[in-house]
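Enquirer: Can you read through this structure? Questions will come right after.
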Number of protein chains: 2
Amino acid sequence: MKRLGILISGRGSNLEAIAGHIEAGSLDAEIAIVISNRPDARGLAIARQRGLPTVCIPSKGMDREAHDRLTFATLQNHQVDLVCLAGYMRLLSPWLIQQLPQRILNIHPSLLPAFPGLEAQRQAIEYGVKVTGCTVHFVDEHLDHGPIVAQTAIAVEDTDTPETLSARLLREEHRLYAEAIALVLSGRYRIEGRRVIRT
Amino acid sequence: MKRLGILISGRGSNLEAIAGHIEAGSLDAEIAIVISNRPDARGLAIARQRGLPTVCIPSKGMDREAHDRLTFATLQNHQVDLVCLAGYMRLLSPWLIQQLPQRILNIHPSLLPAFPGLEAQRQAIEYGVKVTGCTVHFVDEHLDHGPIVAQTAIAVEDTDTPETLSARLLREEHRLYAEAIALVLSGRYRIEGRRVIRT
């Protein structure tokens, strides 16, 4: 059974979706550890309610790499095969990324390379796009940049606000992330340049 | 009947699609003039075969604004209501864009703001996106940048080449451009910031 480490900072809705897919039998994996960099992350309580092991490694005021070394040690202690960022609001250090090449996934609420960074839904609405979506990608040393594992598109409606768009995207994110995790855990892909190609 | 001016540089497949939609009665407009900046554009022959009025205004070696003044005079002579770029491989001068505010449309084979510029399909494949699409937008003074009228998304397959992706996108472009032209001609929209909102 492949073991996931989930990194959160907030409510962890993608964490909850991953746990739900595992419970429902649609994702063959287990959550080995949930790590939050914020003590007050609501996702920590949700994880505990589900009986998932949790650790908080507060990052406030800590040097990035020093914090990431604690995170990495925790991931190793729990024998994690794949790390999934789920609303983890902290850039990873190059050091941590080098320890886990192509072993860290992130989900972002836009069709990358459009609208990287914070408030992607608001960026999309303000730019006036008619189509947006979400992206699961490997994490590399640049923000919201690594090879793309999966994407899905949805329409932006004239009446959308960042809130309504975020809510519709979240439903897609919850499905897409589980699919992308399953693909990566299966190992049935290769990377050519930036392209993730199924094998 | 609203009058279209179509600007081409090459085969003019979107010109042909617009003409087809008009013939089929699915777009209520007429093509008042087809202007090519290249004497050898295959779209000129196609337009003539369809009995459409054509003009060639060669741009090679000409100052951009001087060329655009000739183009504008030709559009005025033919009482054009809306200008549609259809593979027009020349940047418009700020002067021309100012003469025709929100009266020039362009179609681009990506989901803007991703992959502006040349070879958008190749850019998309090399970036490794799983979703791309096409965009109809008002032309402003920046490349592939103005307010977006319509977009549609398609999947990028692992086996896609720039050629296969371009072919699938073209089918979507032909439908999308006609829909976007109809919306703009109807006047049933307003622009808020960068957002084109139907009214």
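Just remember, in the structure tokens the first chain shown is A, the second B, etc., residues are 1-based per chain, and ligands are 1-based in the order shown.
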Quick one: DSSP alpha helix (DSSP H) residues in region 26-164 of chain B, as a VMD selection string?
Expert: chain B and resid 42 to 49 64 to 77 94 to 99 120 to 127 162 to 164
Enquirer: Go ahead and write the residues just picked, C-alpha atoms, as a PDB file, in the first residue's frame.
Expert:
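Final output, result.pdb:
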ATOM      1  CA  ARG B  42      -4.172  31.379 -50.616  1.00  0.00           C
ATOM      2  CA  GLY B  43      -7.201  32.875 -48.895  1.00  0.00           C
ATOM      3  CA  LEU B  44      -7.405  35.542 -51.617  1.00  0.00           C
ATOM      4  CA  ALA B  45      -8.077  32.882 -54.253  1.00  0.00           C
ATOM      5  CA  ILE B  46     -10.585  31.156 -51.982  1.00  0.00           C
ATOM      6  CA  ALA B  47     -12.391  34.451 -51.400  1.00  0.00           C
ATOM      7  CA  ARG B  48     -12.546  35.199 -55.116  1.00  0.00           C
ATOM      8  CA  GLN B  49     -13.905  31.728 -55.835  1.00  0.00           C
ATOM      9  CA  ARG B  64       3.358  49.917 -40.229  1.00  0.00           C
ATOM     10  CA  GLU B  65       1.131  52.938 -39.799  1.00  0.00           C
ATOM     11  CA  ALA B  66       1.338  53.942 -43.448  1.00  0.00           C
ATOM     12  CA  HIS B  67       0.169  50.442 -44.368  1.00  0.00           C
ATOM     13  CA  ASP B  68      -2.571  50.559 -41.755  1.00  0.00           C
ATOM     14  CA  ARG B  69      -3.821  53.896 -43.145  1.00  0.00           C
ATOM     15  CA  LEU B  70      -4.358  52.210 -46.493  1.00  0.00           C
ATOM     16  CA  THR B  71      -6.067  49.306 -44.784  1.00  0.00           C
ATOM     17  CA  PHE B  72      -8.319  51.656 -42.824  1.00  0.00           C
ATOM     18  CA  ALA B  73      -9.277  53.618 -45.923  1.00  0.00           C
ATOM     19  CA  THR B  74     -10.222  50.368 -47.634  1.00  0.00           C
ATOM     20  CA  LEU B  75     -12.325  49.274 -44.634  1.00  0.00           C
ATOM     21  CA  GLN B  76     -14.075  52.647 -44.652  1.00  0.00           C
ATOM     22  CA  ASN B  77     -14.719  52.490 -48.391  1.00  0.00           C
ATOM     23  CA  PRO B  94      -1.783  51.754 -32.260  1.00  0.00           C
ATOM     24  CA  TRP B  95      -3.179  54.284 -34.739  1.00  0.00           C
ATOM     25  CA  LEU B  96      -5.404  51.718 -36.468  1.00  0.00           C
ATOM     26  CA  ILE B  97      -6.553  50.235 -33.180  1.00  0.00           C
ATOM     27  CA  GLN B  98      -7.560  53.703 -31.993  1.00  0.00           C
ATOM     28  CA  GLN B  99      -9.641  54.230 -35.133  1.00  0.00           C
ATOM     29  CA  ALA B 120       0.739  28.559 -29.666  1.00  0.00           C
ATOM     30  CA  GLN B 121      -0.044  24.887 -30.274  1.00  0.00           C
ATOM     31  CA  ARG B 122       3.644  23.953 -30.145  1.00  0.00           C
ATOM     32  CA  GLN B 123       4.092  26.082 -27.022  1.00  0.00           C
ATOM     33  CA  ALA B 124       1.179  24.253 -25.371  1.00  0.00           C
ATOM     34  CA  ILE B 125       2.547  20.809 -26.194  1.00  0.00           C
ATOM     35  CA  GLU B 126       6.049  21.686 -25.059  1.00  0.00           C
ATOM     36  CA  TYR B 127       4.742  23.148 -21.803  1.00  0.00           C
ATOM     37  CA  PRO B 162       1.490  20.610 -33.185  1.00  0.00           C
ATOM     38  CA  GLU B 163      -0.154  19.516 -36.435  1.00  0.00           C
ATOM     39  CA  THR B 164      -2.785  17.188 -34.958  1.00  0.00           C
TER      40      THR B 164
END
Enquirer: Would you mind listing, as a ChimeraX atom specification, all residues of chain A that have at least one atom within 6 Å of chain B, where only C-alpha atoms are what counts?
Expert: /A:114,127-128,130,151,158,194-195,197
Enquirer: Can you work out which one of B:Asp63, B:Glu16, B:Asp81, B:Glu172 has the shortest atom-to-atom distance to Leu100 (chain B), counting only C-alpha atoms?
Expert: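 Result for the nearest residue to Leu100 (chain B): B:Asp81.
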Enquirer: DSSP on the backbone, then: every residue of region 69-189 of chain B marked strand (DSSP E or B), written as an MDAnalysis selection string.
Expert: chainID B and resid 82:86 104:108 131:138 148:155 189
Enquirer: Kindly give the distance, in Å, that separates CA of Ser93 (chain B) and CA of Glu141 (chain B), rounded to a single decimal.
Expert: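 Distance between the two atoms: 7.6 Å.
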Enquirer: Out of B:Met89, B:Glu173, B:Arg50, B:Val83, which residue has the shortest atom-to-atom distance to Ser110 (chain B) when counting only C-alpha atoms?
Expert: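 Nearest candidate to Ser110 (chain B) out of B:Met89, B:Glu173, B:Arg50, B:Val83: B:Glu173.
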Enquirer: Find the distance between CA of Ile107 (chain B) and CA of Glu119 (chain B) and write it in Å to one decimal.
Expert: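 Between these atoms lies a distance of 13.3 Å.
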